[in-house]
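J.: There's a structure below that I have some questions on.
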Amino acid sequence: MIKKRLQECLEQCFNQGIRQGLWSDAARNSYAVEIPKHEGQGDYATNMAMVISGREKKAGNKKINPRQIAEQLVELLDAHSELFAEIKIAGPGFINFFMNPAVWQAVLPIVCAAGESFGLVSEKNNKRVLVEFVSANPTGPLSIGHGRQAVLGDTISRLLEAAGYEVEREYYYNDAGRQMRVLGESVRARYLELLDLPAQFPEDGYQGEYIYDIAGELIAEQGDKLKDVTDVTPFKEQAERAIFKDINATLERLGIHFDRYYNEHTLYEEGLIDDVVARLRAKGLVYEKDNAVWFKTTEFGQNQDRVIIKSSGEPTYRLPDIAYHREKFKRGYDWMVDIFGADHIATVPDVLAGVKALGYDETRVTVILHQFVTLMRDGKQVKMSTRKANFITVDELLDEVGQDVMRFFFLMRKADSQLEFDLDLATEQSKDNPVFYVQYGHARLASILRKADEQGQGPGKISDVDLGLLTQPEEENILKAIAGYPALVQQAAHDLAPHRIVFYLQELAGLFHSYYNKHRFISEDRKLTMARLQLSRGLRIVLGNGLRLLGMTAPDSM
RNA sequence: GCACCCAUAGCUCAGCUGGAUAGAGCAACGGACUUCUAAUCCGUAGGCCGCAGGUUCGAAUCCUGCUGGGUGUACCA
């Protein structure tokens, strides 16, 4: 929030410089305001002078020395002197800003007034965004990989909501096709097996225990009435119902709710698949070869064309994927975010080529491909095989670590990185476990405020408190961190990068724990106590808001 | 073979549209509990940012090539 004010000041000075003929417009939107890494370089720094200098040269205007530009800028900034304690020109032409301490202290009343809404944009941006994630077909319980995706998708959705978007969460699935047929056959085989009848388990069948459970339910409901039924439909339908129920229960445990479930089937029923083919054909982007229908993806930069309808007449997966995305476009979203596992990378270029071919702006789709999760136990990787159903489900992991730990761990790495989930660390209730580190910070703050209250030293009205007493360097650092929270949320939303929030919270908790060990909140000095209690309120609000933004709880005691 | 992702401290990883002297946690070593919760804190040590070029005032960050790992490359999804 302070950074934003500074940016506005600089923008004004930049414009003023243009009016005074000091430089041209060439550097607009190219310069940066950032927080310097090193002590002595101020609270903020800008490279504006160097960027102006560089752009002038590039634009063929006369080259101006960056340090000279910096001096001119500093002069212009004099009009905003109330913000700054000092402004320095350093190095090749950086301008370092040392803010007036009162600027930092002034954030506390704002935080306390905003409470739970601190960090959320105050106005909606009137943009609709669709986030598609999980999208697992109902063939079995959610695996760890789905878990990462579920948490990632939901948290990205929360971030976008915090940034003012109107967000819809959508789950796309397919209950037709070969996989589901095999699932039905698997259930049928287990059903017969449980009835002690001869059964042939399909070669590539689903071997998980849950298939027995589903078969058992069928027996409980219908006895052996289905023993001579060769059609797999009733088995398949039973399986789908049971598995979806299971998946939803798991998502519920994670606190994840979808606004819509879109069944691929709809695309067929409404003729949307055929329509896509017809439109592509009309544009000359489709041809027949070897009894199959091909889409000219080479026209879109790929190195080979792709089959969209097999010689059997069945579409390949890319055709409904394209049709589905076209439906998203038709619904008029400003932005569509797809979250897929890295194994789905092959469909991405096809889908984007498809929507582009149909006349839509494919840049409105952002695909997040997340890498896989490896589970570590006792320092060794836990081997998993989906086919043999020898994998750990999200449900089992939840039993072991709980929702807060699971969400936090799944968000600790950026999507691009493979994620190592250390079960030993996750189950440890100690300082090494970052989840507890952050939550403990929140609980400690709550405890301080409780204690003060018990002693009749409630924080009182913030307007009566002299925040100018918060002069310790640790206090200033905490205030700075708090002030940076809203911008961080916006940036994380823009970049679809929830891990930034995770890192921020660890850092903020660290600042607090460190401060706690050095200074006392509650002391004999009543005025100082009041000021520090406001600080603890502000800290608690930001820590709590951050945790909730990640879908976690913020405990008041631990 | 081709496409995408990754490569930063012993380990796990940050590093925001290129910025100034490279960051955190863990592990190692040494310290702090009559105190508002020690589930905490303080200190020490640890690096040709995979390799080689290029772009420029300036590169861990952008481009090219190479090496090593992951994923995909089907008329499977």
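Simple scheme: letters A, B, ... for chains in structure tokens order, numbers from 1 for residues in each chain, numbers from 1 for ligands in the order shown.
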Distance cut-off 7 Å, counting only C-alpha atoms (C1' of nucleotides) - which residues of chain A neighbour chain B? Return them as a short mmCIF file (atom, residue, chain, number, x, y, z; two decimals) with all heavy atoms, in the first residue's frame.
T.:
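And here's selection-v1.cif as it stands now:
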```cif
data_model
loop_
_atom_site.label_atom_id
_atom_site.label_comp_id
_atom_site.auth_asym_id
_atom_site.auth_seq_id
_atom_site.Cartn_x
_atom_site.Cartn_y
_atom_site.Cartn_z
N GLY A 91 24.95 4.21 -6.66
CA GLY A 91 25.41 3.30 -7.71
C GLY A 91 25.29 3.95 -9.08
O GLY A 91 25.53 5.15 -9.22
N ALA A 292 -9.56 -42.14 -40.87
CA ALA A 292 -9.68 -41.32 -39.67
C ALA A 292 -9.80 -39.85 -40.08
O ALA A 292 -9.52 -39.49 -41.22
CB ALA A 292 -8.46 -41.50 -38.78
N VAL A 307 -5.02 -36.86 -35.10
CA VAL A 307 -6.31 -37.51 -35.34
C VAL A 307 -7.33 -36.98 -34.33
O VAL A 307 -7.05 -36.92 -33.13
CB VAL A 307 -6.17 -39.04 -35.20
CG1 VAL A 307 -7.55 -39.70 -35.19
CG2 VAL A 307 -5.32 -39.59 -36.31
N LYS A 310 -11.18 -41.31 -34.66
CA LYS A 310 -10.52 -42.56 -35.03
C LYS A 310 -11.29 -43.27 -36.14
O LYS A 310 -12.46 -42.97 -36.38
CB LYS A 310 -10.48 -43.50 -33.81
CG LYS A 310 -9.80 -42.92 -32.60
CD LYS A 310 -9.76 -43.95 -31.48
CE LYS A 310 -10.26 -43.35 -30.19
NZ LYS A 310 -10.37 -44.34 -29.11
N SER A 311 -10.65 -44.22 -36.76
CA SER A 311 -11.31 -44.95 -37.83
C SER A 311 -12.52 -45.72 -37.30
O SER A 311 -13.43 -46.07 -38.04
CB SER A 311 -10.33 -45.90 -38.51
OG SER A 311 -9.69 -46.71 -37.54
N TYR A 317 -9.41 -37.99 -27.46
CA TYR A 317 -9.66 -37.10 -26.33
C TYR A 317 -9.59 -35.62 -26.70
O TYR A 317 -10.23 -34.79 -26.09
CB TYR A 317 -8.66 -37.39 -25.20
CG TYR A 317 -7.21 -37.18 -25.57
CD1 TYR A 317 -6.62 -35.94 -25.38
CD2 TYR A 317 -6.44 -38.21 -26.12
CE1 TYR A 317 -5.29 -35.72 -25.73
CE2 TYR A 317 -5.13 -38.01 -26.47
CZ TYR A 317 -4.55 -36.77 -26.28
OH TYR A 317 -3.25 -36.55 -26.63
N ALA A 342 1.20 -32.66 -15.09
CA ALA A 342 2.20 -32.57 -16.15
C ALA A 342 1.99 -33.64 -17.22
O ALA A 342 2.41 -33.48 -18.37
CB ALA A 342 3.60 -32.69 -15.56
N ASP A 343 1.31 -34.71 -16.86
CA ASP A 343 1.11 -35.78 -17.84
C ASP A 343 0.08 -35.40 -18.91
O ASP A 343 -0.08 -36.11 -19.89
CB ASP A 343 0.69 -37.07 -17.13
CG ASP A 343 -0.52 -36.88 -16.23
OD1 ASP A 343 -0.77 -35.73 -15.81
OD2 ASP A 343 -1.22 -37.86 -15.95
N ILE A 345 0.25 -32.69 -20.67
CA ILE A 345 0.84 -31.64 -21.49
C ILE A 345 0.51 -31.79 -22.96
O ILE A 345 0.37 -30.80 -23.67
CB ILE A 345 2.37 -31.61 -21.30
CG1 ILE A 345 2.97 -30.47 -22.12
CG2 ILE A 345 3.02 -32.91 -21.69
CD1 ILE A 345 4.03 -29.75 -21.42
N ALA A 346 0.34 -33.02 -23.40
CA ALA A 346 0.12 -33.25 -24.83
C ALA A 346 -1.16 -32.60 -25.33
O ALA A 346 -1.25 -32.22 -26.49
CB ALA A 346 0.10 -34.75 -25.11
N ASP A 416 5.53 -25.47 -11.07
CA ASP A 416 6.52 -25.98 -12.00
C ASP A 416 7.48 -26.98 -11.39
O ASP A 416 8.14 -27.73 -12.10
CB ASP A 416 7.38 -24.82 -12.52
CG ASP A 416 6.64 -24.01 -13.56
OD1 ASP A 416 5.67 -24.54 -14.12
OD2 ASP A 416 7.04 -22.87 -13.81
N SER A 417 7.63 -26.92 -10.07
CA SER A 417 8.60 -27.79 -9.43
C SER A 417 7.95 -29.09 -8.98
O SER A 417 6.80 -29.12 -8.58
CB SER A 417 9.18 -27.11 -8.20
OG SER A 417 9.86 -25.94 -8.55
N GLN A 429 5.02 -32.56 15.12
CA GLN A 429 4.44 -31.35 15.71
C GLN A 429 5.55 -30.57 16.39
O GLN A 429 5.61 -30.49 17.61
CB GLN A 429 3.36 -31.72 16.72
CG GLN A 429 2.29 -32.62 16.15
CD GLN A 429 0.91 -32.23 16.60
OE1 GLN A 429 0.75 -31.54 17.58
NE2 GLN A 429 -0.11 -32.66 15.86
N SER A 430 6.44 -30.02 15.58
CA SER A 430 7.57 -29.33 16.16
C SER A 430 7.92 -28.11 15.36
O SER A 430 7.31 -27.80 14.34
CB SER A 430 8.78 -30.26 16.21
OG SER A 430 9.40 -30.25 14.93
N LYS A 431 8.96 -27.45 15.81
CA LYS A 431 9.38 -26.22 15.15
C LYS A 431 9.81 -26.43 13.71
O LYS A 431 9.80 -25.51 12.92
CB LYS A 431 10.54 -25.60 15.94
CG LYS A 431 11.73 -26.53 16.01
CD LYS A 431 12.92 -25.85 16.64
CE LYS A 431 14.13 -26.76 16.58
NZ LYS A 431 15.35 -26.08 16.93
N PHE A 436 3.18 -25.56 11.68
CA PHE A 436 3.01 -25.23 13.09
C PHE A 436 3.72 -23.93 13.43
O PHE A 436 3.26 -23.17 14.27
CB PHE A 436 3.52 -26.39 13.96
CG PHE A 436 2.60 -27.56 13.92
CD1 PHE A 436 2.82 -28.59 13.01
CD2 PHE A 436 1.50 -27.62 14.74
CE1 PHE A 436 1.95 -29.66 12.94
CE2 PHE A 436 0.62 -28.69 14.68
CZ PHE A 436 0.85 -29.71 13.78
N TYR A 437 4.79 -23.70 12.76
CA TYR A 437 5.55 -22.46 12.98
C TYR A 437 4.65 -21.25 12.74
O TYR A 437 4.61 -20.32 13.55
CB TYR A 437 6.74 -22.44 12.04
CG TYR A 437 7.70 -21.29 12.23
CD1 TYR A 437 8.62 -21.30 13.25
CD2 TYR A 437 7.66 -20.20 11.37
CE1 TYR A 437 9.51 -20.25 13.42
CE2 TYR A 437 8.54 -19.16 11.52
CZ TYR A 437 9.47 -19.18 12.55
OH TYR A 437 10.33 -18.14 12.71
N TYR A 440 1.44 -21.39 15.07
CA TYR A 440 1.84 -21.08 16.44
C TYR A 440 1.99 -19.58 16.63
O TYR A 440 1.65 -19.02 17.67
CB TYR A 440 3.15 -21.80 16.77
CG TYR A 440 3.68 -21.54 18.17
CD1 TYR A 440 2.89 -21.77 19.29
CD2 TYR A 440 4.97 -21.07 18.35
CE1 TYR A 440 3.39 -21.53 20.56
CE2 TYR A 440 5.47 -20.83 19.62
CZ TYR A 440 4.67 -21.06 20.72
OH TYR A 440 5.16 -20.82 21.97
N ARG A 444 0.04 -17.58 19.43
CA ARG A 444 0.79 -16.80 20.40
C ARG A 444 0.25 -15.37 20.48
O ARG A 444 0.11 -14.80 21.56
CB ARG A 444 2.26 -16.73 19.96
CG ARG A 444 3.22 -17.23 20.98
CD ARG A 444 4.64 -17.11 20.47
NE ARG A 444 5.54 -17.64 21.46
CZ ARG A 444 6.87 -17.70 21.33
NH1 ARG A 444 7.43 -17.24 20.23
NH2 ARG A 444 7.61 -18.19 22.28
N ILE A 448 -1.40 -13.43 23.64
CA ILE A 448 -0.97 -12.14 24.18
C ILE A 448 -2.18 -11.23 24.37
O ILE A 448 -2.34 -10.61 25.43
CB ILE A 448 0.04 -11.46 23.22
CG1 ILE A 448 1.35 -12.23 23.22
CG2 ILE A 448 0.26 -10.00 23.62
CD1 ILE A 448 2.28 -11.83 22.09
N LYS A 451 -4.21 -12.36 27.26
CA LYS A 451 -3.55 -12.03 28.52
C LYS A 451 -3.76 -10.55 28.88
O LYS A 451 -4.09 -10.20 30.01
CB LYS A 451 -2.05 -12.30 28.37
CG LYS A 451 -1.28 -12.24 29.66
CD LYS A 451 -1.34 -13.60 30.32
CE LYS A 451 -0.48 -13.61 31.58
NZ LYS A 451 -0.52 -14.93 32.22
N HIS A 513 8.14 -14.07 15.83
CA HIS A 513 8.77 -14.92 16.85
C HIS A 513 10.06 -14.29 17.35
O HIS A 513 10.38 -14.31 18.54
CB HIS A 513 9.06 -16.32 16.30
CG HIS A 513 7.84 -17.18 16.14
ND1 HIS A 513 6.92 -17.38 17.16
CD2 HIS A 513 7.38 -17.90 15.09
CE1 HIS A 513 5.96 -18.18 16.72
NE2 HIS A 513 6.21 -18.51 15.48
N SER A 514 10.79 -13.74 16.41
CA SER A 514 12.04 -13.12 16.74
C SER A 514 11.81 -11.91 17.65
O SER A 514 12.49 -11.74 18.68
CB SER A 514 12.69 -12.69 15.42
OG SER A 514 14.01 -12.37 15.62
N ASN A 517 10.83 -12.77 21.24
CA ASN A 517 11.91 -13.20 22.13
C ASN A 517 12.79 -12.05 22.58
O ASN A 517 13.56 -12.19 23.51
CB ASN A 517 12.76 -14.26 21.45
CG ASN A 517 12.17 -15.65 21.61
OD1 ASN A 517 12.42 -16.33 22.58
ND2 ASN A 517 11.32 -16.03 20.67
N ARG A 520 9.06 -7.27 25.03
CA ARG A 520 7.81 -7.66 25.68
C ARG A 520 6.66 -6.81 25.17
O ARG A 520 6.79 -5.61 25.02
CB ARG A 520 7.93 -7.50 27.19
CG ARG A 520 8.90 -8.51 27.82
CD ARG A 520 8.76 -8.50 29.32
NE ARG A 520 7.41 -8.85 29.76
CZ ARG A 520 6.96 -10.09 29.79
NH1 ARG A 520 7.73 -11.10 29.41
NH2 ARG A 520 5.74 -10.34 30.21
N PHE A 521 5.55 -7.47 24.89
CA PHE A 521 4.37 -6.72 24.47
C PHE A 521 3.75 -6.02 25.67
O PHE A 521 3.40 -4.86 25.62
CB PHE A 521 3.34 -7.66 23.82
CG PHE A 521 3.68 -8.01 22.39
CD1 PHE A 521 4.53 -9.06 22.10
CD2 PHE A 521 3.15 -7.28 21.35
CE1 PHE A 521 4.84 -9.38 20.79
CE2 PHE A 521 3.44 -7.58 20.03
CZ PHE A 521 4.30 -8.64 19.75
N ILE A 522 3.60 -6.80 26.75
CA ILE A 522 2.93 -6.26 27.93
C ILE A 522 4.00 -5.90 28.96
O ILE A 522 4.77 -6.76 29.37
CB ILE A 522 1.95 -7.29 28.51
CG1 ILE A 522 0.90 -7.65 27.45
CG2 ILE A 522 1.28 -6.74 29.77
CD1 ILE A 522 0.04 -8.83 27.81
#
```
J.: Return as a VMD selection string the full set of residues in stretch 266-389 of chain A whose backbone-based DSSP assignment is alpha helix (DSSP H).
T.: chain A and resid 266 to 269 272 to 282 318 to 330 347 to 357
J.: Calculate how many Å separate atom CA of A:His146 from atom CA of A:His257, rounding to one decimal.
T.: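 The value is 14.6 Å.
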J.: Report as a list in words all protein, DNA and RNA residues lying within 10 Å of stretch 46-52 of chain B, evaluated on only C-alpha atoms (C1' of nucleotides), omitting residues in the same chain fewer than 6 positions from it.
T.: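 So the residues in contact are A7, U8, A9, G10, A22, A28, A60, G65, C66, U67 and G68 of chain B.
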J.: Please compute the atom CA of A:Asp361-atom CA of A:Arg279 distance, one decimal, in Å.
T.: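 Separation of atom CA of A:Asp361 and atom CA of A:Arg279: 16.3 Å.
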J.: Have a look at A:Leu130, A:Leu375, A:Ala199, A:Ile478 and name the one nearest to A:Arg331; count only C-alpha atoms.
T.: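 Residue with the minimum atom-to-atom distance to A:Arg331: A:Leu130.
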J.: Excluding A:Gln457 and residues on its chain fewer than 3 positions from it, collect all residues at most 12 Å away from it, counting only C-alpha atoms (C1' of nucleotides), and give them as a list of chain:residue names.
T.: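 Those residues are A:Ile448, A:Leu449, A:Arg450, A:Lys451, A:Ala452, A:Asp453, A:Glu454, A:Gly460, A:Lys461, A:Phe521, A:Ile522, A:Ser523, A:Glu524, A:Asp525, A:Arg526, A:Lys527, A:Leu528, A:Thr529, A:Met530, A:Ala531, A:Arg532, A:Leu533, A:Gln534.
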J.: DSSP on the backbone, then: every residue of stretch 267-447 of chain A marked strand (DSSP E or B), written as a ChimeraX atom specification.
T.: /A:286-289,292-295,306-309,315,335-341,365-370,373-377,380-381,385,390,393,419-422
J.: Residues of the last selection are to be written out with C-alpha atoms, as an mmCIF file, in the first residue's frame.
T.:
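part01.cif, freshly written:
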```cif
data_model
loop_
_atom_site.group_PDB
_atom_site.id
_atom_site.type_symbol
_atom_site.label_atom_id
_atom_site.label_comp_id
_atom_site.auth_asym_id
_atom_site.auth_seq_id
_atom_site.Cartn_x
_atom_site.Cartn_y
_atom_site.Cartn_z
ATOM 1 C CA VAL A 286 -9.712 -31.071 -41.344
ATOM 2 C CA TYR A 287 -9.119 -33.950 -43.718
ATOM 3 C CA GLU A 288 -9.640 -37.700 -44.003
ATOM 4 C CA LYS A 289 -6.796 -40.133 -44.110
ATOM 5 C CA ALA A 292 -9.680 -41.318 -39.667
ATOM 6 C CA VAL A 293 -10.351 -37.592 -39.397
ATOM 7 C CA TRP A 294 -7.310 -35.397 -38.926
ATOM 8 C CA PHE A 295 -6.939 -31.867 -37.620
ATOM 9 C CA ARG A 306 -3.469 -35.029 -35.079
ATOM 10 C CA VAL A 307 -6.306 -37.507 -35.340
ATOM 11 C CA ILE A 308 -9.547 -36.188 -33.894
ATOM 12 C CA ILE A 309 -11.828 -39.019 -34.948
ATOM 13 C CA PRO A 315 -13.384 -39.129 -31.193
ATOM 14 C CA TRP A 335 -10.049 -15.486 -18.366
ATOM 15 C CA MET A 336 -9.919 -19.275 -18.229
ATOM 16 C CA VAL A 337 -7.438 -21.071 -16.055
ATOM 17 C CA ASP A 338 -6.858 -24.799 -16.535
ATOM 18 C CA ILE A 339 -4.950 -26.755 -13.983
ATOM 19 C CA PHE A 340 -3.588 -30.048 -15.235
ATOM 20 C CA GLY A 341 -1.014 -32.560 -14.159
ATOM 21 C CA VAL A 365 -6.632 -19.462 -21.564
ATOM 22 C CA THR A 366 -3.825 -19.978 -19.084
ATOM 23 C CA VAL A 367 -2.736 -23.512 -18.431
ATOM 24 C CA ILE A 368 -0.980 -24.349 -15.205
ATOM 25 C CA LEU A 369 0.811 -27.652 -15.469
ATOM 26 C CA HIS A 370 1.906 -28.898 -12.115
ATOM 27 C CA VAL A 373 4.412 -35.311 -6.009
ATOM 28 C CA THR A 374 6.824 -37.760 -4.494
ATOM 29 C CA LEU A 375 5.983 -39.013 -1.070
ATOM 30 C CA MET A 376 8.866 -39.471 1.338
ATOM 31 C CA ARG A 377 8.710 -41.609 4.442
ATOM 32 C CA LYS A 380 12.849 -42.890 1.339
ATOM 33 C CA GLN A 381 10.521 -42.441 -1.582
ATOM 34 C CA SER A 385 1.623 -47.591 -8.932
ATOM 35 C CA ASN A 390 -0.865 -49.404 -4.826
ATOM 36 C CA THR A 393 -5.031 -41.655 -1.553
ATOM 37 C CA LEU A 419 7.027 -31.538 -4.891
ATOM 38 C CA GLU A 420 8.602 -33.667 -2.271
ATOM 39 C CA PHE A 421 6.075 -34.394 0.441
ATOM 40 C CA ASP A 422 7.975 -35.359 3.559
#
```
J.: Can you tell me, as a ChimeraX atom specification, what residues are no more than 8 Å from A:Phe410 when counting only C-alpha atoms (C1' of nucleotides), ignoring any on the same chain fewer than 2 positions away?
T.: /A:147-148,151-152,406-408,412-413,419,421
J.: Please save N, CA, C and O atoms of the selected residues as a PDB file, in the first residue's frame.
T.:
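What landed in selection-v4.pdb:
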```pdb
ATOM      1  N   GLY A 147      -4.587 -34.490  -5.352  1.00  0.00           N
ATOM      2  CA  GLY A 147      -4.629 -33.677  -4.141  1.00  0.00           C
ATOM      3  C   GLY A 147      -3.900 -32.366  -4.345  1.00  0.00           C
ATOM      4  O   GLY A 147      -4.394 -31.300  -4.005  1.00  0.00           O
ATOM      5  N   ARG A 148      -2.721 -32.460  -4.917  1.00  0.00           N
ATOM      6  CA  ARG A 148      -1.966 -31.236  -5.170  1.00  0.00           C
ATOM      7  C   ARG A 148      -2.772 -30.311  -6.084  1.00  0.00           C
ATOM      8  O   ARG A 148      -2.873 -29.119  -5.857  1.00  0.00           O
ATOM      9  N   VAL A 151      -5.798 -28.675  -4.264  1.00  0.00           N
ATOM     10  CA  VAL A 151      -5.415 -27.593  -3.357  1.00  0.00           C
ATOM     11  C   VAL A 151      -4.915 -26.387  -4.157  1.00  0.00           C
ATOM     12  O   VAL A 151      -5.257 -25.241  -3.873  1.00  0.00           O
ATOM     13  N   LEU A 152      -4.149 -26.673  -5.179  1.00  0.00           N
ATOM     14  CA  LEU A 152      -3.637 -25.606  -6.037  1.00  0.00           C
ATOM     15  C   LEU A 152      -4.794 -24.850  -6.699  1.00  0.00           C
ATOM     16  O   LEU A 152      -4.848 -23.610  -6.667  1.00  0.00           O
ATOM     17  N   MET A 406      -1.809 -30.609   4.990  1.00  0.00           N
ATOM     18  CA  MET A 406      -1.851 -31.029   3.603  1.00  0.00           C
ATOM     19  C   MET A 406      -1.906 -29.830   2.665  1.00  0.00           C
ATOM     20  O   MET A 406      -1.163 -29.764   1.689  1.00  0.00           O
ATOM     21  N   ARG A 407      -2.766 -28.880   2.966  1.00  0.00           N
ATOM     22  CA  ARG A 407      -2.864 -27.711   2.096  1.00  0.00           C
ATOM     23  C   ARG A 407      -1.535 -26.969   2.055  1.00  0.00           C
ATOM     24  O   ARG A 407      -1.048 -26.607   0.995  1.00  0.00           O
ATOM     25  N   PHE A 408      -0.977 -26.743   3.211  1.00  0.00           N
ATOM     26  CA  PHE A 408       0.266 -25.978   3.289  1.00  0.00           C
ATOM     27  C   PHE A 408       1.392 -26.669   2.513  1.00  0.00           C
ATOM     28  O   PHE A 408       2.081 -26.048   1.715  1.00  0.00           O
ATOM     29  N   MET A 412       3.644 -25.374  -0.858  1.00  0.00           N
ATOM     30  CA  MET A 412       4.974 -24.879  -0.525  1.00  0.00           C
ATOM     31  C   MET A 412       5.879 -24.717  -1.741  1.00  0.00           C
ATOM     32  O   MET A 412       6.868 -24.013  -1.675  1.00  0.00           O
ATOM     33  N   ARG A 413       5.559 -25.395  -2.807  1.00  0.00           N
ATOM     34  CA  ARG A 413       6.401 -25.327  -4.007  1.00  0.00           C
ATOM     35  C   ARG A 413       5.615 -24.714  -5.136  1.00  0.00           C
ATOM     36  O   ARG A 413       4.418 -24.913  -5.252  1.00  0.00           O
ATOM     37  N   LEU A 419       7.255 -31.792  -6.302  1.00  0.00           N
ATOM     38  CA  LEU A 419       7.027 -31.538  -4.891  1.00  0.00           C
ATOM     39  C   LEU A 419       7.371 -32.766  -4.077  1.00  0.00           C
ATOM     40  O   LEU A 419       6.862 -33.858  -4.331  1.00  0.00           O
ATOM     41  N   PHE A 421       6.942 -34.454  -0.733  1.00  0.00           N
ATOM     42  CA  PHE A 421       6.075 -34.394   0.441  1.00  0.00           C
ATOM     43  C   PHE A 421       6.693 -35.275   1.519  1.00  0.00           C
ATOM     44  O   PHE A 421       6.667 -36.497   1.437  1.00  0.00           O
TER      45      PHE A 421
END
```
